[in-house]
Amino acid sequence: MLDFRVVSSDRAIKIFLIDGDIVFLEGLRQVLKSQNDMTIIAQAENLQKAREQLSSLEALPNILILDIHLTDEETITPSMEFCQEIKQAYPNLPLFLLTTVTDGKILGSFRRLGIEGYARKRTAVEELTNALRQVARGELYWQQGIISESYSLQLSPPDSPQPVTPPRWLTRQRETGLSEIEKNLAQVEANLNKEDLSSFDWLFWQGLRRELRVAQWIVKQLLPVEVVVVNEEKTEQEEDKPPQSEITPPQLTAFPTSVSETLFQTTLGKIQLGLVNQTDYTLEIDLLNAEKKRELLYLVVQQFQELLQQLKFIQLPLENLSERRSRLLREVWQNCLSKWISNYVPETAIFEVAPSISDFILQEVPFVEETNLNKIPQVPALFAYLLYQQPLEIDQVSYRPESPEAQSRAEVLFHHLVLQIANGVMQVILNQFGEQETIKTTLYQEKYRSSRAIARFRNELSWQYRRFYYVEEPKAIFESRHDLLVLRGNRIQSISVYAPRQAELEELQGLRWSVTISLELRDAIAPRIRSVFSIVGQAAVYVLTQVIGRGIGLIGRGILQGIGKSVEDQRNQR
């Protein structure tokens with residue numbers, strides 16, 4: 001697991017408790033409150049109260065603990081539906097099952113929902129609190145010794161592997177090491193969030209954060225953690241269902257030995273956090289629910305990694321990268337779209353627009369290249385860096401590949417590439433199959449499933465395309481910069497980087513060219529206009545204060561003197 005949420009050791013873990021047993025709930029509350037690094041921010045006796053309280057909280061908890069059986073009924077359907085709702089609405093909120101249930105089949109169903117933790121009631125306090133800390137950090141914890149009740153009297157095959165509990169001192173060493181790393185990470189994150197941070201300082205702290213995350217990864221890989229494999233049985237419906245190819249993140253089990261492996265690992269870790277769009281504009285992937293968004297981005301990283309391995313195998317010459325730029329991007333996008341369509345688009349829908357998936361993809365290539373792929377900057381430089389460890393040029397300065405500056409720039413370029421290819425995949429899905437019911441229920445967020453919401457989303461994207469094409473892109477070309485999408489933690493943000501674009505500027509025509517002329521005219525006239533207004537303003541102030549103001553003052557003084565003299569004359573007459 002990579003790049004999880006940071007829970008600093010000097011910051012209390014905020015916990016939400018849900019349990020139908022009021023006595024147990026109060027006892028658990030007292031036990032957890034006694035821990036120095038834990039605090040209870042809310043508790044509920046049923047799911048409805050939990051929903052209401054969760055929506056009214058100012059800040060989300062770090063972990064939500066619940067019992068599967070909240071009522072006397074045997075069914076666990078309400079709890080499962082509740083967990084599904086939480087995972088869709090709050091993908092970054094870890095769930096921890098604290099229950100008496102030990103049936104592997106039931107627990108397997110919950111684990112497939114993405115539940116991060118499980119422990120039985122009557123678990124020792126020390127073990128439970130350590131498990132909660134582990135899950136709050138973003139790791140998984142499933143308690144050992146889960147036995148399916150229906151098979152509790154059967155002996156396991158002699159050759160089947162048995163889970164082995166690691167020594168307690170070793171797990172404690174793991175906890176201590178991770179705690180120190182996370183404390184340092186929290187300090188680094190605080191420095192990175194400073195608004196007045198210079199570019200050099202930002203690159204320095206980025207490099208330090210990367211080193212700490214590598215150390216965190218090493219500790220997680222080398223020191224053991226208590227986990228368990230849940231025995232699961234397939235239902236008859238699952239056995240009859242044809243197998244569907246699952247899209248999983250690339251398995252990077254070895255320690256990163258190259259800049260490309262390090263880049264893939266850090267990117268996958270950020271994707272796994274569940275990304276939130278914090279830019280000022282709409283992205284095509286915003287349509288997806290959290291699980292499918294992660295799945296699509298995993299697929300893009302996976303296809304890019306496979307392409308990189310192919311290029312290493314065929315030893316593509318460095319000088320050929322520029323001429324193959326479009327072909328390389330198109331290959332990644334085509335492979336991603338083909339797999340995505342195969343998994344989620346019905347064949348009947350494909351046959352309505354093209355004889356086959358390949359023919360359909362070829363029809364969409366020109367549009368996606370024009371609006372998306374051709375606008376991804378510095379692709380040859382990124383491939384040269386990852387394939388041949390070539391230096392990356394930053395602000396007209398060339399940095400060696402292993403330097404923090406080059407690694408940070410490569411990370412930004414790769415993030416933008418992954419997000420844009422994913423947007424290109426969803427661009428086709430939305431345009432051609434956006435109203436398919438199976439697509440809407442499987443891929444979309446719930447708020448985007450109605451026809452009105454989809455139409456509104458399409459209209460927003462359409463207006464955004466026009467604004468980018470006619471205004472934002474010419475402005476960026478004229479200002480010699482690229483606007484890139486980058487992952488900062490679990491946030492998608494937009495940044496600008498300098499890049500000479502003189503050739504593109506000379507090719508602008510029509511309205512796009514007029515935008516640059518208007519910008520140049522504004523830059524030329526604005527200082528003069530400001531000067532004129534400044535002079536006029538000063539003159540107006542002088543006239544108002546020195547001329548009109550003094551005149552009004554003299555008139556007022558004369559009136560007052562006249563009134564005073566008339567009053568004095570009347571008094572003398574008396």
# chains A, B, ... in the order shown; residues from 1 in each chain; ligands from 1
>>> closest_atom_pairs(of="stretch 256-314 of chain A", to="stretch 116-139 of chain A", cutoff="12 Å", atoms="only C-alpha atoms", output="CSV")
residue,atom,partner,partner_atom,distance
A:Gly269,CA,A:Gly138,CA,10.6
A:Lys270,CA,A:Gly138,CA,11.8
A:Gln272,CA,A:Gly138,CA,9.9
A:Leu273,CA,A:Gly138,CA,8.6
A:Gly274,CA,A:Gly138,CA,11.7
>>> write_last_selection(atoms="N, CA and C atoms", output="mmCIF file, in the first residue's frame")
data_model
loop_
_atom_site.group_PDB
_atom_site.id
_atom_site.type_symbol
_atom_site.label_atom_id
_atom_site.label_comp_id
_atom_site.auth_asym_id
_atom_site.auth_seq_id
_atom_site.Cartn_x
_atom_site.Cartn_y
_atom_site.Cartn_z
ATOM 1 N N GLY A 269 -0.096 5.662 -5.196
ATOM 2 C CA GLY A 269 -0.467 5.956 -3.819
ATOM 3 C C GLY A 269 -1.433 7.124 -3.725
ATOM 4 N N LYS A 270 -1.213 8.157 -4.525
ATOM 5 C CA LYS A 270 -2.112 9.302 -4.500
ATOM 6 C C LYS A 270 -3.477 8.951 -5.089
ATOM 7 N N GLN A 272 -4.911 6.112 -4.938
ATOM 8 C CA GLN A 272 -5.629 5.256 -4.001
ATOM 9 C C GLN A 272 -6.319 6.053 -2.903
ATOM 10 N N LEU A 273 -5.883 7.286 -2.652
ATOM 11 C CA LEU A 273 -6.508 8.096 -1.619
ATOM 12 C C LEU A 273 -7.928 8.510 -1.990
ATOM 13 N N GLY A 274 -8.261 8.475 -3.280
ATOM 14 C CA GLY A 274 -9.568 8.959 -3.718
ATOM 15 C C GLY A 274 -9.471 10.432 -4.063
#
>>> residues_around(residues="A:Glu402", least_positions_apart="3", cutoff="12 Å", atoms="only C-alpha atoms", output="list in words")
Gly207, Thr257, Ser258, Val259, Ser260, Thr262, Leu263, Tyr385, Leu386, Gln389, Gln390, Pro391, Leu392, Ser398, Tyr399, Glu405, Ala406, Gln407, Ser408, Arg409 and Ala410 of chain A
>>> residues_around(residues="stretch 504-515 of chain A", least_positions_apart="6", cutoff="10 Å", atoms="only C-alpha atoms", output="PyMOL selection string")
chain A and resi 469-480+521
>>> residues_around(residues="A:Ala42", least_positions_apart="5", cutoff="12 Å", atoms="only C-alpha atoms", output="PyMOL selection string")
chain A and resi 14-19+25-26+29+49-65
>>> write_last_selection(atoms="N, CA and C atoms", output="short mmCIF file (atom, residue, chain, number, x, y, z; two decimals), in the first residue's frame")
data_model
loop_
_atom_site.label_atom_id
_atom_site.label_comp_id
_atom_site.auth_asym_id
_atom_site.auth_seq_id
_atom_site.Cartn_x
_atom_site.Cartn_y
_atom_site.Cartn_z
N LYS A 14 -9.91 11.10 15.42
CA LYS A 14 -11.33 11.36 15.64
C LYS A 14 -12.15 10.13 15.25
N ILE A 15 -12.98 9.65 16.18
CA ILE A 15 -13.69 8.37 16.01
C ILE A 15 -15.19 8.60 16.09
N PHE A 16 -15.92 7.91 15.22
CA PHE A 16 -17.39 7.88 15.22
C PHE A 16 -17.80 6.45 15.56
N LEU A 17 -18.61 6.26 16.62
CA LEU A 17 -19.02 4.94 17.08
C LEU A 17 -20.48 4.68 16.71
N ILE A 18 -20.75 3.47 16.19
CA ILE A 18 -22.12 3.04 15.89
C ILE A 18 -22.30 1.63 16.42
N ASP A 19 -23.20 1.47 17.40
CA ASP A 19 -23.46 0.14 17.96
C ASP A 19 -24.84 0.14 18.60
N LEU A 25 -21.65 0.21 23.86
CA LEU A 25 -21.26 1.46 23.24
C LEU A 25 -20.63 2.41 24.25
N GLU A 26 -21.25 2.51 25.42
CA GLU A 26 -20.72 3.40 26.44
C GLU A 26 -19.39 2.89 26.99
N ARG A 29 -16.74 3.57 24.47
CA ARG A 29 -16.45 5.02 24.48
C ARG A 29 -15.45 5.36 25.59
N LYS A 49 -29.68 7.45 12.71
CA LYS A 49 -29.04 8.51 13.50
C LYS A 49 -27.61 8.75 13.03
N ALA A 50 -26.95 7.67 12.65
CA ALA A 50 -25.57 7.81 12.16
C ALA A 50 -25.53 8.65 10.90
N ARG A 51 -26.48 8.42 9.99
CA ARG A 51 -26.52 9.21 8.75
C ARG A 51 -26.73 10.70 9.07
N GLU A 52 -27.68 10.98 9.98
CA GLU A 52 -27.99 12.36 10.31
C GLU A 52 -26.80 13.06 10.96
N GLN A 53 -26.15 12.38 11.90
CA GLN A 53 -25.03 13.00 12.59
C GLN A 53 -23.84 13.19 11.67
N LEU A 54 -23.60 12.21 10.80
CA LEU A 54 -22.45 12.29 9.91
C LEU A 54 -22.58 13.47 8.95
N SER A 55 -23.79 13.72 8.48
CA SER A 55 -24.00 14.83 7.54
C SER A 55 -23.93 16.18 8.23
N SER A 56 -24.11 16.21 9.57
CA SER A 56 -24.10 17.49 10.29
C SER A 56 -22.75 17.82 10.90
N LEU A 57 -21.79 16.91 10.84
CA LEU A 57 -20.48 17.16 11.43
C LEU A 57 -19.72 18.21 10.63
N GLU A 58 -19.00 19.07 11.32
CA GLU A 58 -18.19 20.09 10.65
C GLU A 58 -16.98 19.46 9.95
N ALA A 59 -16.41 18.42 10.57
CA ALA A 59 -15.25 17.73 9.99
C ALA A 59 -15.47 16.23 10.09
N LEU A 60 -15.05 15.48 9.07
CA LEU A 60 -15.23 14.03 9.07
C LEU A 60 -14.32 13.38 10.11
N PRO A 61 -14.75 12.26 10.65
CA PRO A 61 -13.86 11.51 11.57
C PRO A 61 -12.71 10.87 10.80
N ASN A 62 -11.70 10.43 11.54
CA ASN A 62 -10.60 9.68 10.93
C ASN A 62 -10.94 8.22 10.74
N ILE A 63 -11.94 7.74 11.50
CA ILE A 63 -12.33 6.34 11.38
C ILE A 63 -13.74 6.18 11.92
N LEU A 64 -14.52 5.30 11.29
CA LEU A 64 -15.90 5.02 11.72
C LEU A 64 -15.99 3.56 12.13
N ILE A 65 -16.37 3.31 13.39
CA ILE A 65 -16.46 1.95 13.93
C ILE A 65 -17.93 1.57 14.01
#
>>> atom_distance(atom1="atom CA of A:Gln420", atom2="atom CA of A:Leu487")
12.5 Å
